[in-house]
$ cat input-v6.cif   # mmCIF, C-alpha atoms
data_data
loop_
_atom_site.label_atom_id
_atom_site.label_comp_id
_atom_site.auth_asym_id
_atom_site.auth_seq_id
_atom_site.Cartn_x
_atom_site.Cartn_y
_atom_site.Cartn_z
CA MET Q 1 163.51 37.03 -32.61
CA LEU Q 2 159.96 36.10 -33.60
CA ASN Q 3 159.58 32.73 -35.30
CA PHE Q 4 158.21 34.15 -38.52
CA LEU Q 5 161.35 36.29 -38.90
CA LYS Q 6 163.76 33.40 -38.44
CA LYS Q 7 165.66 32.30 -41.50
CA LYS Q 8 165.06 28.73 -42.58
CA SER Q 9 167.91 26.34 -41.96
CA ASP Q 10 169.85 24.89 -44.88
CA ASN Q 11 168.33 21.48 -44.17
CA GLN Q 12 164.82 22.92 -44.33
CA GLU Q 13 165.59 24.61 -47.65
CA LYS Q 14 167.06 21.43 -49.12
CA THR Q 15 164.04 19.38 -48.01
CA GLU Q 16 161.55 21.87 -49.41
CA GLN Q 17 163.36 22.16 -52.74
CA CYS Q 18 164.16 18.47 -53.22
CA PHE Q 19 164.17 17.47 -56.88
CA ASP Q 20 161.53 14.86 -57.75
CA SER Q 21 162.41 12.82 -60.83
CA SER Q 22 158.80 11.67 -61.10
CA LYS Q 23 157.56 15.23 -61.65
CA PRO Q 24 157.90 17.23 -64.87
CA VAL Q 25 161.04 19.34 -65.21
CA ALA Q 26 161.08 22.82 -66.71
CA ASP Q 27 161.06 22.55 -70.51
CA HIS Q 28 163.08 25.74 -70.97
CA ILE Q 29 165.65 26.85 -68.42
CA ALA Q 30 167.52 30.13 -68.83
CA VAL Q 31 170.66 30.90 -66.83
CA ILE Q 32 172.47 34.14 -66.09
CA MET Q 33 175.93 32.65 -65.55
CA ASP Q 34 177.26 35.23 -63.12
CA GLY Q 35 180.29 35.26 -60.85
CA ASN Q 36 183.12 33.91 -63.01
CA GLY Q 37 185.39 36.88 -62.31
CA ARG Q 38 184.69 36.89 -58.59
CA TRP Q 39 185.28 33.13 -58.44
CA ALA Q 40 188.76 33.72 -59.88
CA GLN Q 41 189.55 36.72 -57.67
CA LYS Q 42 188.69 34.75 -54.54
CA ARG Q 43 191.38 32.29 -55.61
CA MET Q 44 193.92 35.01 -56.46
CA LEU Q 45 193.60 34.14 -60.15
CA PRO Q 46 193.05 36.43 -63.17
CA ARG Q 47 189.42 36.99 -64.14
CA ILE Q 48 189.89 35.09 -67.39
CA ALA Q 49 190.62 31.94 -65.37
CA GLY Q 50 187.09 32.24 -63.99
CA HIS Q 51 185.62 32.55 -67.48
CA LYS Q 52 187.50 29.45 -68.59
CA GLU Q 53 186.29 27.48 -65.59
CA GLY Q 54 182.78 28.78 -66.19
CA MET Q 55 182.83 27.52 -69.76
CA ASN Q 56 184.02 24.13 -68.54
CA ASN Q 57 181.00 24.08 -66.23
CA VAL Q 58 178.72 24.71 -69.20
CA LYS Q 59 179.67 21.24 -70.44
CA VAL Q 60 178.75 19.62 -67.12
CA ILE Q 61 175.43 21.44 -66.70
CA THR Q 62 174.42 20.94 -70.34
CA LYS Q 63 174.91 17.18 -70.15
CA HIS Q 64 172.97 16.93 -66.91
CA ALA Q 65 170.13 19.14 -68.16
CA SER Q 66 169.88 16.90 -71.21
CA LYS Q 67 169.81 13.82 -69.00
CA LEU Q 68 166.99 15.30 -66.90
CA GLY Q 69 164.85 15.97 -69.98
CA VAL Q 70 165.21 19.75 -70.28
CA LYS Q 71 164.34 20.75 -73.85
CA VAL Q 72 166.04 24.18 -74.04
CA LEU Q 73 168.94 25.55 -72.00
CA THR Q 74 169.52 29.24 -72.73
CA LEU Q 75 172.79 30.60 -71.36
CA TYR Q 76 173.62 34.32 -71.13
CA ALA Q 77 177.19 34.15 -72.40
CA PHE Q 78 177.95 37.75 -73.44
CA SER Q 79 175.74 40.81 -73.29
CA THR Q 80 175.69 43.89 -75.50
CA GLU Q 81 176.97 45.77 -72.44
CA ASN Q 82 179.95 43.46 -71.87
CA TRP Q 83 181.95 45.28 -74.57
CA LYS Q 84 182.63 47.88 -71.87
CA ARG Q 85 184.94 45.45 -70.06
CA PRO Q 86 188.75 45.60 -70.40
CA THR Q 87 189.96 44.77 -73.91
CA ASP Q 88 192.02 41.76 -72.80
CA GLU Q 89 189.01 40.24 -71.07
CA VAL Q 90 186.72 40.86 -74.06
CA ASN Q 91 189.26 39.33 -76.44
CA PHE Q 92 189.47 36.25 -74.23
CA LEU Q 93 185.68 35.96 -74.09
CA MET Q 94 185.51 36.17 -77.88
CA LYS Q 95 188.01 33.33 -78.15
CA LEU Q 96 186.21 31.09 -75.68
CA PRO Q 97 183.52 29.91 -78.14
CA VAL Q 98 186.28 28.87 -80.57
CA ASP Q 99 188.00 26.69 -77.97
CA PHE Q 100 184.70 25.49 -76.48
CA PHE Q 101 183.09 24.34 -79.69
CA ASP Q 102 186.32 22.87 -81.05
CA VAL Q 103 186.46 20.46 -78.12
CA PHE Q 104 182.80 20.07 -77.17
CA VAL Q 105 180.93 19.70 -80.48
CA PRO Q 106 181.76 15.98 -80.88
CA GLU Q 107 180.37 15.39 -77.37
CA LEU Q 108 177.28 17.45 -78.19
CA ILE Q 109 176.68 15.33 -81.28
CA GLU Q 110 177.03 12.20 -79.18
CA GLU Q 111 174.57 13.63 -76.65
CA ASN Q 112 172.12 14.61 -79.45
CA VAL Q 113 172.33 18.28 -78.39
CA LYS Q 114 171.60 21.00 -80.91
CA VAL Q 115 173.48 24.31 -80.71
CA ASN Q 116 171.69 27.60 -81.30
CA VAL Q 117 173.17 31.07 -80.88
CA MET Q 118 171.05 34.21 -80.64
CA GLY Q 119 172.22 37.78 -80.48
CA TYR Q 120 173.82 40.30 -82.79
CA LYS Q 121 176.26 37.78 -84.25
CA GLU Q 122 177.23 40.07 -87.12
CA PHE Q 123 179.19 42.26 -84.68
CA LEU Q 124 181.28 39.41 -83.32
CA PRO Q 125 184.89 38.92 -84.48
CA ALA Q 126 185.22 36.78 -87.60
CA HIS Q 127 186.78 33.83 -85.74
CA THR Q 128 183.94 33.82 -83.20
CA GLN Q 129 181.31 34.00 -85.92
CA LYS Q 130 182.91 31.08 -87.75
CA ALA Q 131 183.03 28.92 -84.60
CA VAL Q 132 179.38 29.67 -83.88
CA GLU Q 133 178.23 28.96 -87.43
CA ASN Q 134 180.20 25.71 -87.58
CA ALA Q 135 178.74 24.49 -84.28
CA MET Q 136 175.19 25.22 -85.42
CA GLU Q 137 175.80 23.55 -88.78
CA GLN Q 138 177.39 20.44 -87.27
CA THR Q 139 174.58 19.90 -84.76
CA LYS Q 140 171.58 21.04 -86.81
CA GLU Q 141 170.24 17.49 -87.26
CA ASN Q 142 170.29 16.74 -83.52
CA THR Q 143 166.85 16.35 -81.96
CA GLY Q 144 167.56 16.51 -78.21
CA LEU Q 145 168.19 19.46 -75.92
CA ILE Q 146 168.75 22.84 -77.61
CA LEU Q 147 171.81 24.55 -76.12
CA ASN Q 148 170.93 28.17 -76.83
CA PHE Q 149 173.71 30.69 -76.26
CA ALA Q 150 172.82 34.38 -75.91
CA LEU Q 151 175.96 35.93 -77.37
CA ASN Q 152 176.21 39.69 -77.88
CA TYR Q 153 172.61 39.78 -76.74
CA GLY Q 154 170.63 42.51 -75.01
CA SER Q 155 166.90 42.37 -74.46
CA ARG Q 156 166.14 46.07 -74.92
CA ALA Q 157 168.00 46.04 -78.24
CA GLU Q 158 166.14 42.87 -79.23
CA ILE Q 159 162.77 44.49 -78.47
CA LEU Q 160 163.68 47.63 -80.42
CA THR Q 161 164.80 45.51 -83.37
CA ALA Q 162 161.48 43.66 -83.28
CA VAL Q 163 159.54 46.95 -83.16
CA ASN Q 164 161.46 48.34 -86.12
CA ASP Q 165 160.92 45.13 -88.10
CA ILE Q 166 157.19 45.34 -87.44
CA VAL Q 167 157.12 49.04 -88.39
CA ALA Q 168 158.87 48.19 -91.67
CA LEU Q 169 156.27 45.50 -92.38
CA ALA Q 170 153.47 47.94 -91.62
CA LYS Q 171 154.92 50.51 -94.01
CA SER Q 172 155.16 47.91 -96.77
CA GLY Q 173 151.59 46.76 -96.16
CA ASP Q 174 152.66 43.26 -95.17
CA LEU Q 175 151.38 43.40 -91.58
CA PRO Q 176 147.98 42.27 -90.25
CA ASP Q 177 145.73 44.98 -88.88
CA GLU Q 178 146.66 44.26 -85.29
CA VAL Q 179 149.92 43.27 -83.61
CA ASP Q 180 149.22 40.77 -80.84
CA GLU Q 181 151.58 39.02 -78.42
CA LYS Q 182 152.04 36.07 -80.76
CA THR Q 183 153.02 38.33 -83.64
CA PHE Q 184 155.44 40.32 -81.51
CA SER Q 185 157.04 37.17 -80.08
CA SER Q 186 157.58 35.88 -83.60
CA HIS Q 187 159.94 38.82 -84.25
CA LEU Q 188 162.11 38.14 -81.20
CA MET Q 189 165.34 36.14 -81.29
CA THR Q 190 163.80 33.26 -79.36
CA ALA Q 191 161.24 32.65 -82.11
CA SER Q 192 163.55 30.05 -83.69
CA LEU Q 193 163.00 27.85 -80.63
CA GLY Q 194 159.36 27.40 -81.57
CA GLU Q 195 156.23 28.91 -80.06
CA ALA Q 196 155.95 26.32 -77.27
CA LEU Q 197 159.53 26.75 -76.07
CA GLN Q 198 160.46 30.39 -76.67
CA ASP Q 199 159.59 31.56 -73.13
CA PRO Q 200 161.66 30.13 -70.25
CA ASP Q 201 159.80 28.29 -67.52
CA LEU Q 202 162.64 28.85 -65.06
CA LEU Q 203 165.30 31.56 -64.84
CA ILE Q 204 168.37 30.89 -62.70
CA ARG Q 205 170.91 33.51 -61.69
CA THR Q 206 174.10 32.60 -59.89
CA SER Q 207 176.49 34.66 -57.70
CA GLY Q 208 173.99 36.17 -55.26
CA GLU Q 209 172.85 39.01 -57.50
CA GLU Q 210 169.08 39.36 -57.81
CA ARG Q 211 168.41 41.31 -60.98
CA ILE Q 212 167.61 40.49 -64.60
CA SER Q 213 170.40 42.49 -66.31
CA ASN Q 214 168.65 43.09 -69.62
CA PHE Q 215 168.01 39.39 -70.28
CA LEU Q 216 164.86 38.10 -72.00
CA LEU Q 217 162.68 40.89 -70.60
CA TRP Q 218 159.64 40.02 -72.72
CA GLN Q 219 160.09 36.25 -72.53
CA ILE Q 220 160.37 35.93 -68.73
CA ALA Q 221 157.09 37.69 -67.96
CA TYR Q 222 155.83 34.51 -66.24
CA SER Q 223 159.07 32.64 -65.63
CA GLU Q 224 159.82 31.30 -62.18
CA LEU Q 225 162.96 32.91 -60.71
CA PHE Q 226 165.68 31.13 -58.74
CA PHE Q 227 168.66 32.96 -57.23
CA THR Q 228 171.67 31.28 -55.67
CA ASP Q 229 174.79 32.61 -53.95
CA LYS Q 230 176.95 30.08 -55.79
CA TYR Q 231 179.31 31.51 -58.40
CA TRP Q 232 178.72 29.94 -61.81
CA PRO Q 233 181.91 27.79 -61.79
CA ASP Q 234 180.74 26.33 -58.44
CA PHE Q 235 177.18 25.66 -59.65
CA THR Q 236 176.85 21.87 -59.67
CA THR Q 237 174.43 19.33 -61.08
CA THR Q 238 172.99 19.07 -57.56
CA ASP Q 239 172.38 22.82 -57.58
CA LEU Q 240 170.59 22.48 -60.91
CA GLU Q 241 168.37 19.79 -59.46
CA GLU Q 242 167.68 22.00 -56.44
CA ALA Q 243 166.59 24.85 -58.74
CA ILE Q 244 164.32 22.50 -60.66
CA GLY Q 245 163.03 21.10 -57.36
CA SER Q 246 162.09 24.61 -56.31
CA TYR Q 247 160.36 25.09 -59.65
CA GLN Q 248 158.40 21.86 -59.19
CA LEU Q 249 156.91 23.24 -55.96
CA ARG Q 250 155.74 26.51 -57.52
CA ASN Q 251 152.05 27.07 -58.22
CA ARG Q 252 152.10 28.58 -61.70
CA ARG Q 253 148.75 30.33 -62.16
CA PHE Q 254 149.68 32.84 -64.90
CA GLY Q 255 147.45 35.46 -63.29
CA GLY Q 256 144.49 33.12 -62.83
CA LEU Q 257 143.60 30.35 -60.41
CA LYS Q 258 144.86 26.82 -60.91
CA ASP Q 259 141.91 25.42 -58.98
CA THR Q 260 138.50 27.08 -58.77
CA THR Q 261 138.39 26.25 -55.06
CA GLU Q 262 141.46 28.39 -54.38
CA GLY Q 263 140.72 31.62 -52.60
CA ASP Q 264 144.07 33.39 -52.92
CA ALA Q 265 144.87 35.98 -55.57
#

$ encode --input "input-v6.cif" --output "structure tokens"
Amino acid sequence: MLNFLKKKSDNQEKTEQCFDSSKPVADHIAVIMDGNGRWAQKRMLPRIAGHKEGMNNVKVITKHASKLGVKVLTLYAFSTENWKRPTDEVNFLMKLPVDFFDVFVPELIEENVKVNVMGYKEFLPAHTQKAVENAMEQTKENTGLILNFALNYGSRAEILTAVNDIVALAKSGDLPDEVDEKTFSSHLMTASLGEALQDPDLLIRTSGEERISNFLLWQIAYSELFFTDKYWPDFTTTDLEEAIGSYQLRNRRFGGLKDTTEGDA
């Protein structure tokens, strides 16, 4: 096989993507936490065991992201399409935030982590809504990392909601003459994160799948993408550092040239 077709060895990959603590980390990291069910099935366990283990891993990754200086960690916890799953699994997923926040909020307060939840929360079961609201209330004064859960979230629905909100403003005469990117972004669910942080710098997807799955379609226009074969429950702090290390090596030009001497497009 020709050299340029050969796959890089694991050691080469690790060397090239080595995390450098002296370099800036991504301010906003978004994660599609995929593979919980498959993790469980590989171990002859029910799918819900994978979701439980995945939520336990959220605690580990959140603490480490905070330690590294990440400002926002957005986690895709439940999509608007996930209601199609078996009822028992959905019911378990709706109970997970209750158990998670009940145990983890004191640790989040200690870590100075602020909880935010975006999505169509009004359609969640009452006990889930209460757990979410309590977690946000109890951590609202924290000034460190924002742990931003996307819960009952879908990006196409979010964009349509924003469009309809803007149309309503136009009809009432409360809209400027022109809708620009800044105006549109201000009507998206990530607007509460602040203009500087609403778009992820790095998007990670676990489990080997390489698609976006209706997640932050507008916001990730210039995000760096990192895919790993690891299932979410197996995704470690070392894996997080590897993803950030990969990000640190990227040349983010945003359609332009970072250096006027560069000749590539």

$ atom_distance --input "input-v6.cif" --atom1 "atom CA of Ala77 of chain Q" --atom2 "atom CA of Ile166 of chain Q"
27.4 Å

$ closest_residue --input "input-v6.cif" --among "Q:Gln219, Q:Thr206, Q:Gln41, Q:Thr74" --to "Ser185 of chain Q" --atoms "only C-alpha atoms"
Q:Gln219

$ resolve_selection --input "input-v6.cif" --expression "the PyMOL selection byres ((chain Q and resi 221-231) around 6)" --output "JSON list (two decimals) with C-alpha atoms, in the frame of the given file"
[["chain", "number", "residue", "atom", "x", "y", "z"],
["Q", 35, "GLY", "CA", 180.29, 35.26, -60.85],
["Q", 200, "PRO", "CA", 161.66, 30.13, -70.25],
["Q", 201, "ASP", "CA", 159.80, 28.29, -67.52],
["Q", 202, "LEU", "CA", 162.64, 28.85, -65.06],
["Q", 203, "LEU", "CA", 165.30, 31.56, -64.84],
["Q", 204, "ILE", "CA", 168.37, 30.89, -62.70],
["Q", 205, "ARG", "CA", 170.91, 33.51, -61.69],
["Q", 206, "THR", "CA", 174.10, 32.60, -59.89],
["Q", 207, "SER", "CA", 176.49, 34.66, -57.70],
["Q", 208, "GLY", "CA", 173.99, 36.17, -55.26],
["Q", 218, "TRP", "CA", 159.64, 40.02, -72.72],
["Q", 219, "GLN", "CA", 160.09, 36.25, -72.53],
["Q", 220, "ILE", "CA", 160.37, 35.93, -68.73],
["Q", 232, "TRP", "CA", 178.72, 29.94, -61.81],
["Q", 233, "PRO", "CA", 181.91, 27.79, -61.79],
["Q", 234, "ASP", "CA", 180.74, 26.33, -58.44],
["Q", 235, "PHE", "CA", 177.18, 25.66, -59.65]]

$ residues_near_point --input "input-v6.cif" --point "(166.4, 22.8, -60.4)" --cutoff "12 Å" --atoms "all atoms listed in the file" --output "ChimeraX atom specification"
/Q:14,17-21,23-31,61,64-65,68-70,201-205,224-228,235-250

$ resolve_selection --input "input-v6.cif" --expression "the PyMOL selection byres ((chain Q and resi 198) around 9)" --output "compact mmCIF listing (two decimals) with C-alpha atoms, keeping the file's coordinate frame"
# COMPACT_ATOMS: atom_id res chain seq x y z
CA HIS Q 28 163.08 25.74 -70.97
CA VAL Q 72 166.04 24.18 -74.04
CA SER Q 185 157.04 37.17 -80.08
CA MET Q 189 165.34 36.14 -81.29
CA THR Q 190 163.80 33.26 -79.36
CA ALA Q 191 161.24 32.65 -82.11
CA SER Q 192 163.55 30.05 -83.69
CA LEU Q 193 163.00 27.85 -80.63
CA GLY Q 194 159.36 27.40 -81.57
CA GLU Q 195 156.23 28.91 -80.06
CA ALA Q 196 155.95 26.32 -77.27
CA LEU Q 197 159.53 26.75 -76.07
CA ASP Q 199 159.59 31.56 -73.13
CA PRO Q 200 161.66 30.13 -70.25
CA GLN Q 219 160.09 36.25 -72.53

$ closest_residue --input "input-v6.cif" --among "Q:Lys182, Q:Glu158, Q:Asn214, Q:Tyr153" --to "Leu124 of chain Q" --atoms "all atoms listed in the file"
Q:Tyr153

$ closest_residue --input "input-v6.cif" --among "Q:Asn148, Q:Thr139, Q:Thr128, Q:Ser213" --to "Glu111 of chain Q" --atoms "only C-alpha atoms"
Q:Thr139

$ atom_distance --input "input-v6.cif" --atom1 "atom CA of Asn164 of chain Q" --atom2 "atom CA of Tyr120 of chain Q"
15.1 Å

$ resolve_selection --input "input-v6.cif" --expression "the PyMOL selection byres ((chain Q and resi 50) around 12)" --output "ChimeraX atom specification"
/Q:33-49,51-57,89,92-93,96,231-234

$ write_last_selection --input "input-v6.cif" --atoms "C-alpha atoms" --output "PDB file, in the coordinates of the input"
ATOM      1  CA  MET Q  33     175.930  32.650 -65.550  1.00  0.00           C
ATOM      2  CA  ASP Q  34     177.260  35.230 -63.120  1.00  0.00           C
ATOM      3  CA  GLY Q  35     180.290  35.260 -60.850  1.00  0.00           C
ATOM      4  CA  ASN Q  36     183.120  33.910 -63.010  1.00  0.00           C
ATOM      5  CA  GLY Q  37     185.390  36.880 -62.310  1.00  0.00           C
ATOM      6  CA  ARG Q  38     184.690  36.890 -58.590  1.00  0.00           C
ATOM      7  CA  TRP Q  39     185.280  33.130 -58.440  1.00  0.00           C
ATOM      8  CA  ALA Q  40     188.760  33.720 -59.880  1.00  0.00           C
ATOM      9  CA  GLN Q  41     189.550  36.720 -57.670  1.00  0.00           C
ATOM     10  CA  LYS Q  42     188.690  34.750 -54.540  1.00  0.00           C
ATOM     11  CA  ARG Q  43     191.380  32.290 -55.610  1.00  0.00           C
ATOM     12  CA  MET Q  44     193.920  35.010 -56.460  1.00  0.00           C
ATOM     13  CA  LEU Q  45     193.600  34.140 -60.150  1.00  0.00           C
ATOM     14  CA  PRO Q  46     193.050  36.430 -63.170  1.00  0.00           C
ATOM     15  CA  ARG Q  47     189.420  36.990 -64.140  1.00  0.00           C
ATOM     16  CA  ILE Q  48     189.890  35.090 -67.390  1.00  0.00           C
ATOM     17  CA  ALA Q  49     190.620  31.940 -65.370  1.00  0.00           C
ATOM     18  CA  HIS Q  51     185.620  32.550 -67.480  1.00  0.00           C
ATOM     19  CA  LYS Q  52     187.500  29.450 -68.590  1.00  0.00           C
ATOM     20  CA  GLU Q  53     186.290  27.480 -65.590  1.00  0.00           C
ATOM     21  CA  GLY Q  54     182.780  28.780 -66.190  1.00  0.00           C
ATOM     22  CA  MET Q  55     182.830  27.520 -69.760  1.00  0.00           C
ATOM     23  CA  ASN Q  56     184.020  24.130 -68.540  1.00  0.00           C
ATOM     24  CA  ASN Q  57     181.000  24.080 -66.230  1.00  0.00           C
ATOM     25  CA  GLU Q  89     189.010  40.240 -71.070  1.00  0.00           C
ATOM     26  CA  PHE Q  92     189.470  36.250 -74.230  1.00  0.00           C
ATOM     27  CA  LEU Q  93     185.680  35.960 -74.090  1.00  0.00           C
ATOM     28  CA  LEU Q  96     186.210  31.090 -75.680  1.00  0.00           C
ATOM     29  CA  TYR Q 231     179.310  31.510 -58.400  1.00  0.00           C
ATOM     30  CA  TRP Q 232     178.720  29.940 -61.810  1.00  0.00           C
ATOM     31  CA  PRO Q 233     181.910  27.790 -61.790  1.00  0.00           C
ATOM     32  CA  ASP Q 234     180.740  26.330 -58.440  1.00  0.00           C
TER      33      ASP Q 234
END

$ atom_distance --input "input-v6.cif" --atom1 "atom CA of Asp165 of chain Q" --atom2 "atom CA of Asn82 of chain Q"
25.1 Å

$ closest_residue --input "input-v6.cif" --among "Q:Pro97, Q:Pro125, Q:Pro106, Q:Gly144" --to "Ser66 of chain Q" --atoms "all atoms listed in the file"
Q:Gly144

$ closest_residue --input "input-v6.cif" --among "Q:Leu73, Q:Val60, Q:Val105, Q:Ala157" --to "Gly119 of chain Q" --atoms "all atoms listed in the file"
Q:Ala157

$ closest_residue --input "input-v6.cif" --among "Q:Arg252, Q:Lys130, Q:Lys84, Q:Lys71" --to "Asp99 of chain Q" --atoms "all atoms listed in the file"
Q:Lys130

$ residues_near_point --input "input-v6.cif" --point "(179.2, 18.7, -86.0)" --cutoff "12 Å" --atoms "all atoms listed in the file" --output "list of chain:residue names"
Q:Phe101, Q:Asp102, Q:Val103, Q:Phe104, Q:Val105, Q:Pro106, Q:Glu107, Q:Leu108, Q:Ile109, Q:Glu110, Q:Glu111, Q:Asn112, Q:Val113, Q:Lys114, Q:Val115, Q:Ala131, Q:Val132, Q:Glu133, Q:Asn134, Q:Ala135, Q:Met136, Q:Glu137, Q:Gln138, Q:Thr139, Q:Lys140, Q:Glu141, Q:Asn142

$ decode --input "input-v6.cif" --residues "segment 120-128 of chain Q" --atoms "all heavy atoms" --output "PDB file, in the first residue's frame"
ATOM      1  N   TYR Q 120     -36.980  22.681  24.975  1.00  0.00           N
ATOM      2  CA  TYR Q 120     -38.403  22.925  25.191  1.00  0.00           C
ATOM      3  C   TYR Q 120     -38.799  22.308  26.532  1.00  0.00           C
ATOM      4  O   TYR Q 120     -39.444  21.265  26.605  1.00  0.00           O
ATOM      5  CB  TYR Q 120     -39.208  22.380  24.015  1.00  0.00           C
ATOM      6  CG  TYR Q 120     -38.868  23.115  22.726  1.00  0.00           C
ATOM      7  CD1 TYR Q 120     -37.875  22.644  21.869  1.00  0.00           C
ATOM      8  CD2 TYR Q 120     -39.497  24.313  22.410  1.00  0.00           C
ATOM      9  CE1 TYR Q 120     -37.540  23.334  20.718  1.00  0.00           C
ATOM     10  CE2 TYR Q 120     -39.163  25.019  21.247  1.00  0.00           C
ATOM     11  CZ  TYR Q 120     -38.185  24.523  20.416  1.00  0.00           C
ATOM     12  OH  TYR Q 120     -37.843  25.229  19.281  1.00  0.00           O
ATOM     13  N   LYS Q 121     -38.381  22.995  27.599  1.00  0.00           N
ATOM     14  CA  LYS Q 121     -38.544  22.473  28.961  1.00  0.00           C
ATOM     15  C   LYS Q 121     -40.005  22.325  29.355  1.00  0.00           C
ATOM     16  O   LYS Q 121     -40.345  21.498  30.198  1.00  0.00           O
ATOM     17  CB  LYS Q 121     -37.817  23.386  29.960  1.00  0.00           C
ATOM     18  CG  LYS Q 121     -36.316  23.490  29.725  1.00  0.00           C
ATOM     19  CD  LYS Q 121     -35.611  24.249  30.830  1.00  0.00           C
ATOM     20  CE  LYS Q 121     -35.900  25.724  30.808  1.00  0.00           C
ATOM     21  NZ  LYS Q 121     -35.226  26.411  29.676  1.00  0.00           N
ATOM     22  N   GLU Q 122     -40.870  23.124  28.733  1.00  0.00           N
ATOM     23  CA  GLU Q 122     -42.289  23.096  29.103  1.00  0.00           C
ATOM     24  C   GLU Q 122     -42.951  21.762  28.759  1.00  0.00           C
ATOM     25  O   GLU Q 122     -44.035  21.452  29.280  1.00  0.00           O
ATOM     26  CB  GLU Q 122     -43.048  24.246  28.424  1.00  0.00           C
ATOM     27  CG  GLU Q 122     -43.095  24.188  26.903  1.00  0.00           C
ATOM     28  CD  GLU Q 122     -41.910  24.836  26.210  1.00  0.00           C
ATOM     29  OE1 GLU Q 122     -40.836  24.952  26.853  1.00  0.00           O
ATOM     30  OE2 GLU Q 122     -42.045  25.220  25.035  1.00  0.00           O
ATOM     31  N   PHE Q 123     -42.326  20.967  27.910  1.00  0.00           N
ATOM     32  CA  PHE Q 123     -42.890  19.669  27.534  1.00  0.00           C
ATOM     33  C   PHE Q 123     -42.317  18.506  28.339  1.00  0.00           C
ATOM     34  O   PHE Q 123     -42.674  17.352  28.116  1.00  0.00           O
ATOM     35  CB  PHE Q 123     -42.681  19.417  26.033  1.00  0.00           C
ATOM     36  CG  PHE Q 123     -43.382  20.423  25.155  1.00  0.00           C
ATOM     37  CD1 PHE Q 123     -42.660  21.336  24.417  1.00  0.00           C
ATOM     38  CD2 PHE Q 123     -44.774  20.466  25.102  1.00  0.00           C
ATOM     39  CE1 PHE Q 123     -43.300  22.280  23.618  1.00  0.00           C
ATOM     40  CE2 PHE Q 123     -45.422  21.394  24.301  1.00  0.00           C
ATOM     41  CZ  PHE Q 123     -44.682  22.313  23.559  1.00  0.00           C
ATOM     42  N   LEU Q 124     -41.425  18.813  29.258  1.00  0.00           N
ATOM     43  CA  LEU Q 124     -40.857  17.781  30.115  1.00  0.00           C
ATOM     44  C   LEU Q 124     -41.833  17.430  31.232  1.00  0.00           C
ATOM     45  O   LEU Q 124     -42.667  18.260  31.613  1.00  0.00           O
ATOM     46  CB  LEU Q 124     -39.541  18.278  30.733  1.00  0.00           C
ATOM     47  CG  LEU Q 124     -38.403  18.600  29.759  1.00  0.00           C
ATOM     48  CD1 LEU Q 124     -37.256  19.264  30.508  1.00  0.00           C
ATOM     49  CD2 LEU Q 124     -37.930  17.341  29.045  1.00  0.00           C
ATOM     50  N   PRO Q 125     -41.746  16.216  31.779  1.00  0.00           N
ATOM     51  CA  PRO Q 125     -42.595  15.874  32.933  1.00  0.00           C
ATOM     52  C   PRO Q 125     -42.358  16.838  34.089  1.00  0.00           C
ATOM     53  O   PRO Q 125     -41.268  17.418  34.220  1.00  0.00           O
ATOM     54  CB  PRO Q 125     -42.119  14.454  33.298  1.00  0.00           C
ATOM     55  CG  PRO Q 125     -41.492  13.923  32.062  1.00  0.00           C
ATOM     56  CD  PRO Q 125     -40.890  15.095  31.344  1.00  0.00           C
ATOM     57  N   ALA Q 126     -43.362  17.003  34.927  1.00  0.00           N
ATOM     58  CA  ALA Q 126     -43.297  17.986  36.018  1.00  0.00           C
ATOM     59  C   ALA Q 126     -42.088  17.752  36.922  1.00  0.00           C
ATOM     60  O   ALA Q 126     -41.409  18.713  37.330  1.00  0.00           O
ATOM     61  CB  ALA Q 126     -44.589  17.949  36.831  1.00  0.00           C
ATOM     62  N   HIS Q 127     -41.798  16.479  37.258  1.00  0.00           N
ATOM     63  CA  HIS Q 127     -40.682  16.210  38.165  1.00  0.00           C
ATOM     64  C   HIS Q 127     -39.342  16.561  37.531  1.00  0.00           C
ATOM     65  O   HIS Q 127     -38.418  17.007  38.227  1.00  0.00           O
ATOM     66  CB  HIS Q 127     -40.691  14.744  38.628  1.00  0.00           C
ATOM     67  CG  HIS Q 127     -40.521  13.742  37.535  1.00  0.00           C
ATOM     68  ND1 HIS Q 127     -41.574  13.310  36.757  1.00  0.00           N
ATOM     69  CD2 HIS Q 127     -39.428  13.081  37.073  1.00  0.00           C
ATOM     70  CE1 HIS Q 127     -41.139  12.421  35.879  1.00  0.00           C
ATOM     71  NE2 HIS Q 127     -39.842  12.268  36.048  1.00  0.00           N
ATOM     72  N   THR Q 128     -39.238  16.404  36.214  1.00  0.00           N
ATOM     73  CA  THR Q 128     -38.003  16.771  35.512  1.00  0.00           C
ATOM     74  C   THR Q 128     -37.854  18.290  35.476  1.00  0.00           C
ATOM     75  O   THR Q 128     -36.765  18.826  35.728  1.00  0.00           O
ATOM     76  CB  THR Q 128     -38.001  16.214  34.079  1.00  0.00           C
ATOM     77  OG1 THR Q 128     -38.330  14.825  34.104  1.00  0.00           O
ATOM     78  CG2 THR Q 128     -36.646  16.401  33.422  1.00  0.00           C
TER      79      THR Q 128
END
